[in-house]
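Okay, model.tsv now, which holds TSV, C-alpha atoms and all ligand atoms:
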```
chain	number	residue	atom	x	y	z
A	1	MET	CA	5.90	7.72	-20.79
A	2	ASN	CA	2.94	8.49	-18.52
A	3	VAL	CA	4.04	6.69	-15.32
A	4	SER	CA	4.52	9.28	-12.58
A	5	TYR	CA	6.08	9.44	-9.13
A	6	LYS	CA	5.63	11.67	-6.07
A	7	ILE	CA	9.00	13.32	-5.55
A	8	ASN	CA	9.98	15.09	-2.31
A	9	GLU	CA	13.50	16.04	-3.41
A	10	LEU	CA	15.52	16.05	-6.62
A	11	PHE	CA	19.13	17.22	-6.40
A	12	GLU	CA	22.70	16.43	-7.43
A	13	THR	CA	25.31	15.63	-4.81
A	14	ILE	CA	27.91	13.07	-3.75
A	15	GLN	CA	26.59	9.67	-2.59
A	16	GLY	CA	27.40	9.64	1.12
A	17	GLU	CA	26.52	6.06	2.07
A	18	GLY	CA	27.49	2.48	1.25
A	19	SER	CA	29.74	1.20	-1.50
A	20	PHE	CA	29.03	4.09	-3.91
A	21	THR	CA	30.26	6.63	-1.35
A	22	GLY	CA	32.01	9.44	-3.20
A	23	GLN	CA	30.12	8.90	-6.47
A	24	PRO	CA	28.51	12.01	-7.99
A	25	SER	CA	24.82	11.16	-8.00
A	26	ILE	CA	21.42	12.55	-8.77
A	27	PHE	CA	19.01	11.85	-5.90
A	28	LEU	CA	15.30	11.24	-6.34
A	29	ARG	CA	13.57	11.10	-2.96
A	30	LEU	CA	10.08	9.63	-3.19
A	31	GLN	CA	7.31	10.78	-0.85
A	32	GLY	CA	5.69	8.29	1.54
A	33	CYS	CA	6.82	5.71	4.08
A	34	PRO	CA	4.62	3.78	6.54
A	35	VAL	CA	7.46	1.86	8.27
A	36	GLY	CA	8.03	4.27	11.20
A	37	CYS	CA	11.68	3.91	12.31
A	38	SER	CA	12.03	6.02	15.49
A	39	TRP	CA	15.45	7.35	14.45
A	40	CYS	CA	14.57	8.03	10.78
A	41	ASP	CA	16.40	11.08	9.40
A	42	THR	CA	13.76	11.72	6.70
A	43	LYS	CA	10.50	11.90	8.68
A	44	HIS	CA	9.36	14.77	6.44
A	45	THR	CA	8.77	12.15	3.70
A	46	TRP	CA	6.45	9.88	5.70
A	47	GLU	CA	3.01	11.38	4.95
A	48	ILE	CA	1.54	11.90	1.51
A	49	ASP	CA	-0.70	14.92	2.11
A	50	VAL	CA	-2.41	16.34	-0.97
A	51	LYS	CA	-2.16	19.80	0.63
A	52	ASP	CA	1.63	19.49	0.32
A	53	GLN	CA	1.64	19.03	-3.45
A	54	VAL	CA	3.60	21.80	-5.21
A	55	PRO	CA	4.62	22.57	-8.80
A	56	THR	CA	7.82	20.80	-9.88
A	57	PRO	CA	9.97	23.98	-9.99
A	58	ASP	CA	9.18	24.59	-6.29
A	59	MET	CA	10.48	21.11	-5.41
A	60	VAL	CA	13.62	20.74	-7.58
A	61	ASN	CA	16.76	21.75	-5.61
A	62	LYS	CA	14.56	23.00	-2.72
A	63	PRO	CA	16.74	24.85	-0.18
A	64	GLN	CA	15.61	22.94	2.91
A	65	GLU	CA	13.82	19.75	3.94
A	66	SER	CA	10.04	20.00	3.86
A	67	THR	CA	6.93	17.85	3.51
A	68	THR	CA	6.20	19.22	0.03
A	69	TRP	CA	6.28	17.00	-3.05
A	70	ALA	CA	5.62	17.21	-6.76
A	71	THR	CA	4.26	14.67	-9.24
A	72	MET	CA	6.72	13.99	-12.05
A	73	SER	CA	6.44	11.76	-15.10
A	74	ILE	CA	9.51	9.90	-16.30
A	75	ASP	CA	9.83	12.37	-19.18
A	76	ASP	CA	9.66	15.29	-16.69
A	77	ILE	CA	12.41	13.67	-14.62
A	78	LEU	CA	14.71	13.16	-17.63
A	79	SER	CA	14.13	16.66	-18.99
A	80	THR	CA	14.75	18.16	-15.54
A	81	PHE	CA	18.14	16.40	-15.31
A	82	ASN	CA	18.93	17.91	-18.69
A	83	ASN	CA	17.63	21.41	-17.91
A	84	GLU	CA	19.50	21.49	-14.59
A	85	GLY	CA	22.72	20.59	-16.41
A	86	TYR	CA	23.46	17.72	-14.04
A	87	LYS	CA	26.71	15.92	-14.83
A	88	ALA	CA	26.28	12.81	-12.65
A	89	LYS	CA	25.50	9.57	-14.46
A	90	HIS	CA	24.39	7.65	-11.35
A	91	VAL	CA	20.84	8.04	-9.97
A	92	VAL	CA	19.96	7.13	-6.39
A	93	ILE	CA	16.26	6.51	-5.76
A	94	THR	CA	15.47	6.81	-2.07
A	95	GLY	CA	12.71	8.12	0.16
A	96	GLY	CA	10.61	7.65	2.01
A	97	GLU	CA	10.18	4.07	0.87
A	98	PRO	CA	10.71	4.01	-2.91
A	99	CYS	CA	9.61	0.37	-3.28
A	100	MET	CA	6.00	1.32	-2.59
A	101	GLU	CA	6.14	2.15	-6.32
A	102	ASP	CA	7.09	0.01	-9.33
A	103	LEU	CA	10.50	1.47	-10.16
A	104	THR	CA	11.01	-0.70	-13.27
A	105	PRO	CA	9.81	1.78	-15.92
A	106	LEU	CA	11.78	4.60	-14.28
A	107	CYS	CA	15.01	2.61	-14.10
A	108	GLN	CA	14.52	1.25	-17.64
A	109	ALA	CA	14.20	4.81	-18.97
A	110	LEU	CA	17.17	6.05	-16.93
A	111	GLU	CA	19.35	3.17	-18.09
A	112	ALA	CA	18.28	3.74	-21.71
A	113	SER	CA	19.48	7.34	-21.27
A	114	GLY	CA	22.90	6.22	-20.03
A	115	PHE	CA	22.40	6.44	-16.25
A	116	SER	CA	23.17	3.70	-13.74
A	117	CYS	CA	20.54	3.27	-11.02
A	118	GLN	CA	20.62	2.47	-7.31
A	119	ILE	CA	17.73	2.14	-4.88
A	120	GLU	CA	17.75	2.47	-1.11
A	121	THR	CA	15.02	0.33	0.45
A	122	SER	CA	13.90	-1.04	3.80
A	123	GLY	CA	12.94	-4.42	2.29
A	124	THR	CA	9.35	-4.10	3.49
A	125	PHE	CA	7.81	-3.81	0.01
A	126	GLU	CA	8.35	-5.92	-3.09
A	127	ILE	CA	11.40	-4.67	-5.00
A	128	ARG	CA	10.30	-3.87	-8.53
A	129	THR	CA	13.25	-2.62	-10.58
A	130	THR	CA	15.57	-3.60	-13.42
A	131	ASP	CA	18.12	-6.40	-13.11
A	132	ALA	CA	20.96	-3.90	-13.57
A	133	CYS	CA	19.82	-1.65	-10.71
A	134	TRP	CA	22.06	-1.71	-7.60
A	135	VAL	CA	19.88	-2.55	-4.61
A	136	THR	CA	20.82	-1.36	-1.14
A	137	VAL	CA	18.69	-3.05	1.51
A	138	SER	CA	18.54	-1.56	4.98
A	139	PRO	CA	16.41	-4.28	6.57
A	140	LYS	CA	13.55	-3.27	8.84
A	141	VAL	CA	11.72	-5.97	10.80
A	142	ASN	CA	8.75	-5.92	13.19
A	143	MET	CA	7.87	-2.32	12.33
A	144	LYS	CA	4.37	-0.82	12.37
A	145	GLY	CA	4.26	-0.42	8.56
A	146	GLY	CA	5.47	-2.35	5.53
A	147	TYR	CA	5.21	-6.06	4.91
A	148	ASP	CA	7.14	-9.06	6.11
A	149	ILE	CA	8.73	-9.87	2.74
A	150	LEU	CA	12.32	-9.32	3.80
A	151	SER	CA	13.41	-12.71	2.52
A	152	SER	CA	13.12	-11.76	-1.17
A	153	ALA	CA	14.74	-8.36	-0.48
A	154	MET	CA	17.71	-9.99	1.22
A	155	GLN	CA	18.17	-12.31	-1.77
A	156	ARG	CA	18.03	-9.36	-4.21
A	157	ALA	CA	20.31	-7.10	-2.14
A	158	ASP	CA	23.63	-6.06	-3.68
A	159	GLU	CA	24.63	-4.62	-0.30
A	160	ILE	CA	23.15	-4.64	3.18
A	161	LYS	CA	23.41	-1.38	5.11
A	162	HIS	CA	22.38	-1.49	8.74
A	163	PRO	CA	21.98	1.54	11.02
A	164	VAL	CA	23.28	0.79	14.52
A	165	ALA	CA	23.32	2.49	17.91
A	166	THR	CA	23.25	-0.47	20.31
A	167	GLU	CA	24.47	-4.06	20.62
A	168	ALA	CA	20.86	-5.14	20.07
A	169	HIS	CA	20.98	-3.66	16.55
A	170	VAL	CA	24.14	-5.69	15.84
A	171	ASP	CA	22.49	-8.86	17.19
A	172	ASP	CA	19.42	-8.21	14.98
A	173	LEU	CA	21.67	-7.97	11.93
A	174	LYS	CA	23.62	-11.14	12.72
A	175	ARG	CA	20.35	-13.02	13.14
A	176	LEU	CA	19.01	-11.71	9.81
A	177	LEU	CA	22.20	-12.54	7.88
A	178	LYS	CA	22.10	-16.07	9.21
A	179	GLN	CA	18.36	-16.57	8.81
A	180	HIS	CA	18.46	-15.46	5.15
A	181	GLN	CA	21.86	-17.08	4.41
A	182	VAL	CA	23.40	-13.87	3.06
A	183	GLU	CA	26.52	-13.69	5.24
A	184	HIS	CA	28.65	-13.50	2.05
A	185	LYS	CA	27.13	-10.17	0.89
A	186	PRO	CA	28.81	-6.79	1.50
A	187	VAL	CA	27.64	-5.51	4.91
A	188	TYR	CA	27.87	-1.87	5.98
A	189	LEU	CA	27.25	-0.61	9.50
A	190	GLN	CA	25.96	2.95	9.62
A	191	PRO	CA	26.12	4.74	13.00
A	192	ILE	CA	22.72	6.25	13.80
A	193	SER	CA	22.75	10.06	13.66
A	194	GLN	CA	26.55	10.48	14.03
A	195	LYS	CA	26.32	9.65	17.75
A	196	THR	CA	29.76	9.07	19.31
A	197	ARG	CA	28.79	5.83	21.07
A	198	ALA	CA	27.11	4.51	17.92
A	199	THR	CA	30.20	5.32	15.85
A	200	GLU	CA	32.54	3.64	18.35
A	201	LEU	CA	30.31	0.56	18.39
A	202	ALA	CA	30.16	0.47	14.58
A	203	ILE	CA	33.97	0.74	14.22
A	204	ALA	CA	34.64	-2.03	16.73
A	205	THR	CA	31.95	-4.28	15.25
A	206	CYS	CA	33.18	-3.75	11.68
A	207	ILE	CA	36.71	-4.73	12.68
A	208	GLU	CA	35.46	-7.75	14.62
A	209	ASN	CA	33.33	-9.06	11.72
A	210	ASN	CA	35.26	-7.77	8.71
A	211	TRP	CA	32.28	-5.57	7.74
A	212	ARG	CA	32.52	-2.06	6.27
A	213	LEU	CA	31.77	1.29	7.89
A	214	SER	CA	29.34	3.80	6.30
A	215	VAL	CA	29.40	7.15	8.07
A	216	GLN	CA	26.99	9.27	5.97
A	217	VAL	CA	29.84	11.54	4.81
A	218	HIS	CA	27.36	14.16	3.51
A	219	LYS	CA	26.37	14.93	7.09
A	220	TYR	CA	29.99	15.54	8.13
A	221	LEU	CA	30.47	17.74	5.06
A	222	GLY	CA	27.22	19.66	5.60
A	223	ILE	CA	25.97	18.89	2.10
A	224	GLU	CA	22.66	17.37	1.03
B	301	LIG	C1	16.04	7.50	4.87
B	301	LIG	S1	16.22	5.84	4.32
B	301	LIG	C2	15.21	5.84	2.84
B	301	LIG	C3	15.18	4.52	2.13
B	301	LIG	C4	14.43	3.38	2.81
B	301	LIG	N1	13.22	3.79	3.44
B	301	LIG	C5	15.33	2.68	3.81
B	301	LIG	O1	15.05	2.72	5.01
B	301	LIG	O2	16.32	2.10	3.35
B	301	LIG	C6	17.89	5.83	3.64
B	301	LIG	C7	18.95	5.21	4.51
B	301	LIG	O3	19.16	6.01	5.67
B	301	LIG	C8	19.24	5.18	6.81
B	301	LIG	N2	18.94	6.03	7.96
B	301	LIG	C9	17.78	6.64	8.25
B	301	LIG	N3	17.88	7.39	9.35
B	301	LIG	C10	19.16	7.28	9.78
B	301	LIG	C11	19.88	7.83	10.87
B	301	LIG	N4	19.30	8.65	11.75
B	301	LIG	N5	21.19	7.50	10.98
B	301	LIG	C12	21.79	6.64	10.10
B	301	LIG	N6	21.16	6.10	9.05
B	301	LIG	C13	19.86	6.41	8.89
B	301	LIG	C14	18.25	4.07	6.48
B	301	LIG	O4	18.38	2.91	7.26
B	301	LIG	C15	18.59	3.81	5.04
B	301	LIG	O5	19.74	3.00	4.96
B	302	LIG	N1	24.65	12.71	-0.02
B	302	LIG	C1	23.67	11.86	0.34
B	302	LIG	N2	23.88	10.53	0.28
B	302	LIG	C2	22.87	9.70	0.65
B	302	LIG	N3	22.85	8.35	0.60
B	302	LIG	C3	21.65	7.91	1.00
B	302	LIG	C4	20.84	9.01	1.29
B	302	LIG	C5	19.41	8.86	1.67
B	302	LIG	O1	18.84	9.75	2.31
B	302	LIG	O2	18.83	7.83	1.32
B	302	LIG	C6	21.61	10.16	1.09
B	302	LIG	C7	21.41	11.58	1.18
B	302	LIG	O3	20.38	12.10	1.61
B	302	LIG	N4	22.47	12.38	0.79
B	303	LIG	S1	12.00	2.70	6.34
B	303	LIG	FE1	13.49	4.27	5.72
B	303	LIG	S2	12.29	6.16	5.32
B	303	LIG	FE2	10.94	4.69	6.36
B	303	LIG	S3	11.04	5.29	8.51
B	303	LIG	FE3	12.61	3.69	8.21
B	303	LIG	S4	14.52	4.78	7.66
B	303	LIG	FE4	12.82	6.24	7.45
B	304	MG	MG	19.63	10.89	3.94
```
Target format structure tokens, applied to this file:
Amino acid sequence: MNVSYKINELFETIQGEGSFTGQPSIFLRLQGCPVGCSWCDTKHTWEIDVKDQVPTPDMVNKPQESTTWATMSIDDILSTFNNEGYKAKHVVITGGEPCMEDLTPLCQALEASGFSCQIETSGTFEIRTTDACWVTVSPKVNMKGGYDILSSAMQRADEIKHPVATEAHVDDLKRLLKQHQVEHKPVYLQPISQKTRATELAIATCIENNWRLSVQVHKYLGIE
């Protein structure tokens, strides 16, 4: 398979967000995102700079966040999982914004090898993946980058995960759920950057609306 992807990070950990929280998972973090969320916790993935390209072994399990990335074919990705001795059977494809790429051939190959797939996306690019892939949409609207195609993303979403710090973020979400008629889908509120006020707001709002809380457990545990 000669399709390839620009990968910023490849590691095995515990999924720390959303409904798969606690699930051993292999993470593939794709390089590149034009959306520009001010509070983004992965700003090191935004730019695709050719000067930052490194050989795959320098990227796999890298010890700290950096702007470096490696090009990997699907075969490289599968053989790396094998060579690293990863035990997880769930693969989370995140970024950056992974939906800038067609993820269908990657997810097809992963599923054919016995992995389940999940993508984390902002809903600002067309979602190209397999039917079986679990799609987490963290909707971004009126941002500097990405496209206004949220409607199809909201329809495809298996869960909606919304970072919040203020009442305005909650109001934005309520408006989106109503506008796209997806109030029946699982909704997670994720406090922005573990801030106390954001966490208190998220707890109260989850109880009020019967939504779920997602606290990025990996950050509390100090793991990747
Ligand atoms: C880094 S993004 C990458 C995937 C995709 N670009 C997206 O926004 O969904 C992964 C998840 O982290 C969330 N996120 C980013 N920065 C955060 C922060 N500071 N606090 C809480 N959640 C954050 C995003 O909203 C998204 O749900
Ligand atoms: N453990 C862990 N869980 C995660 N869930 C979503 C993540 C992301 O950055 O997209 C993430 C991450 O970076 N680490
Ligand atoms: S869309 Fe995702 S990766 Fe891009 S800036 Fe926003 S949170 Fe960060
Ligand atoms: Mg993260």
Each chain A residue no farther than 8 Å from ligand MG 304 (chain B), nearest pair in Å, all atoms listed in the file, as CSV:
```
residue,atom,partner,partner_atom,distance
A:Asp41,CA,B:MG304,MG,6.3
A:Thr42,CA,B:MG304,MG,6.5
A:Gln216,CA,B:MG304,MG,7.8
A:Glu224,CA,B:MG304,MG,7.7
```
Output C-alpha atoms for every residue in the selection just made, as a short mmCIF file (atom, residue, chain, number, x, y, z; two decimals), in the coordinates of the input.
```cif
data_model
loop_
_atom_site.label_atom_id
_atom_site.label_comp_id
_atom_site.auth_asym_id
_atom_site.auth_seq_id
_atom_site.Cartn_x
_atom_site.Cartn_y
_atom_site.Cartn_z
CA ASP A 41 16.40 11.08 9.40
CA THR A 42 13.76 11.72 6.70
CA GLN A 216 26.99 9.27 5.97
CA GLU A 224 22.66 17.37 1.03
#
```
Neighbourhood of ligand LIG 302 (chain B) at 8 Å, counting all atoms listed in the file, reported as an MDAnalysis selection string: chainID A and resid 13:18 21 27 29 41:42 92:95 120 216:219 223:224
Please save C-alpha atoms of the selected residues as an mmCIF file, in the coordinates of the input.
```
data_model
loop_
_atom_site.group_PDB
_atom_site.id
_atom_site.type_symbol
_atom_site.label_atom_id
_atom_site.label_comp_id
_atom_site.auth_asym_id
_atom_site.auth_seq_id
_atom_site.Cartn_x
_atom_site.Cartn_y
_atom_site.Cartn_z
ATOM 1 C CA THR A 13 25.310 15.630 -4.810
ATOM 2 C CA ILE A 14 27.910 13.070 -3.750
ATOM 3 C CA GLN A 15 26.590 9.670 -2.590
ATOM 4 C CA GLY A 16 27.400 9.640 1.120
ATOM 5 C CA GLU A 17 26.520 6.060 2.070
ATOM 6 C CA GLY A 18 27.490 2.480 1.250
ATOM 7 C CA THR A 21 30.260 6.630 -1.350
ATOM 8 C CA PHE A 27 19.010 11.850 -5.900
ATOM 9 C CA ARG A 29 13.570 11.100 -2.960
ATOM 10 C CA ASP A 41 16.400 11.080 9.400
ATOM 11 C CA THR A 42 13.760 11.720 6.700
ATOM 12 C CA VAL A 92 19.960 7.130 -6.390
ATOM 13 C CA ILE A 93 16.260 6.510 -5.760
ATOM 14 C CA THR A 94 15.470 6.810 -2.070
ATOM 15 C CA GLY A 95 12.710 8.120 0.160
ATOM 16 C CA GLU A 120 17.750 2.470 -1.110
ATOM 17 C CA GLN A 216 26.990 9.270 5.970
ATOM 18 C CA VAL A 217 29.840 11.540 4.810
ATOM 19 C CA HIS A 218 27.360 14.160 3.510
ATOM 20 C CA LYS A 219 26.370 14.930 7.090
ATOM 21 C CA ILE A 223 25.970 18.890 2.100
ATOM 22 C CA GLU A 224 22.660 17.370 1.030
#
```
Distance criterion (all atoms listed in the file): nearest to Asp76 of chain A out of A:Asn142, A:Ser113, A:Ser152, A:Asn2: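 Among the listed residues, the smallest separation from Asp76 of chain A belongs to A:Asn2.
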Selection as a VMD selection string: residues within 9 Å of ligand LIG 301 (chain B) by all atoms listed in the file: chain A and resid 17 to 18 29 to 30 32 to 33 35 37 to 43 45 93 to 99 119 to 124 136 to 140 160 to 165 190 to 195 214 to 216
Nearest to ligand LIG 303 (chain B), chosen from A:Glu200, A:Glu47, A:Glu183, A:Glu111, with all atoms listed in the file counted in the distances: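 Of all the options, A:Glu47 lies closest to ligand LIG 303 (chain B).
Residue nearest ligand LIG 303 (chain B) within the list A:Gly145, A:Pro57, A:Gly36, A:Pro186: A:Gly36 [criterion: smallest interatomic distance, all atoms listed in the file].
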Top pick for closest residue to Met59 of chain A, considering A:Asp131, A:Asp102, A:Glu9, A:Glu167 and counting all atoms listed in the file: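 The shortest atom-to-atom distance to Met59 of chain A comes from A:Glu9.
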Selected residue, from A:Arg156, A:Lys185, A:Lys87, A:Lys144, that lies nearest to ligand LIG 303 (chain B) when counting all atoms listed in the file: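 Closest to ligand LIG 303 (chain B) of all the choices is A:Lys144.
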Mind working out the centre and edge lengths of an axis-aligned box for ligand LIG 303 (chain B), all listed atoms inside, 6 Å added to each side, rounded to one decimal in Å and written as AutoDock Vina command-line options?
```
--center_x 12.7 --center_y 4.5 --center_z 6.9 --size_x 15.6 --size_y 15.5 --size_z 15.2
```
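Of the listed residues A:Phe81, A:Trp46, A:Trp69, A:Tyr147, the one whose atoms come nearest to ligand LIG 303 (chain B) is A:Trp46, with distances taken using only C-alpha atoms and all ligand atoms.
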Contacts of His184 of chain A at 12 Å or less, counting all atoms listed in the file, minus same-chain residues fewer than 6 places along, as a PDB file with C-alpha atoms, in the coordinates of the input?
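The resulting selection_17.pdb:
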```pdb
ATOM      1  CA  MET A 154      17.710  -9.990   1.220  1.00  0.00           C
ATOM      2  CA  GLN A 155      18.170 -12.310  -1.770  1.00  0.00           C
ATOM      3  CA  ALA A 157      20.310  -7.100  -2.140  1.00  0.00           C
ATOM      4  CA  ASP A 158      23.630  -6.060  -3.680  1.00  0.00           C
ATOM      5  CA  GLU A 159      24.630  -4.620  -0.300  1.00  0.00           C
ATOM      6  CA  ILE A 160      23.150  -4.640   3.180  1.00  0.00           C
ATOM      7  CA  LEU A 177      22.200 -12.540   7.880  1.00  0.00           C
ATOM      8  CA  LYS A 178      22.100 -16.070   9.210  1.00  0.00           C
ATOM      9  CA  ASN A 209      33.330  -9.060  11.720  1.00  0.00           C
ATOM     10  CA  ASN A 210      35.260  -7.770   8.710  1.00  0.00           C
ATOM     11  CA  TRP A 211      32.280  -5.570   7.740  1.00  0.00           C
TER      12      TRP A 211
END
```
Cut-off 7 Å around (16.5, -1.0, -6.8) with all atoms listed in the file: residues as number ranges by chain: A: 118-120, 127, 129, 133-135
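Between atom CA of Glu12 of chain A and atom CA of Thr68 of chain A the interatomic distance comes to 18.3 Å.
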Between atom CA of Leu103 of chain A and atom CA of Leu213 of chain A, distance in Å (one decimal): 27.9 Å
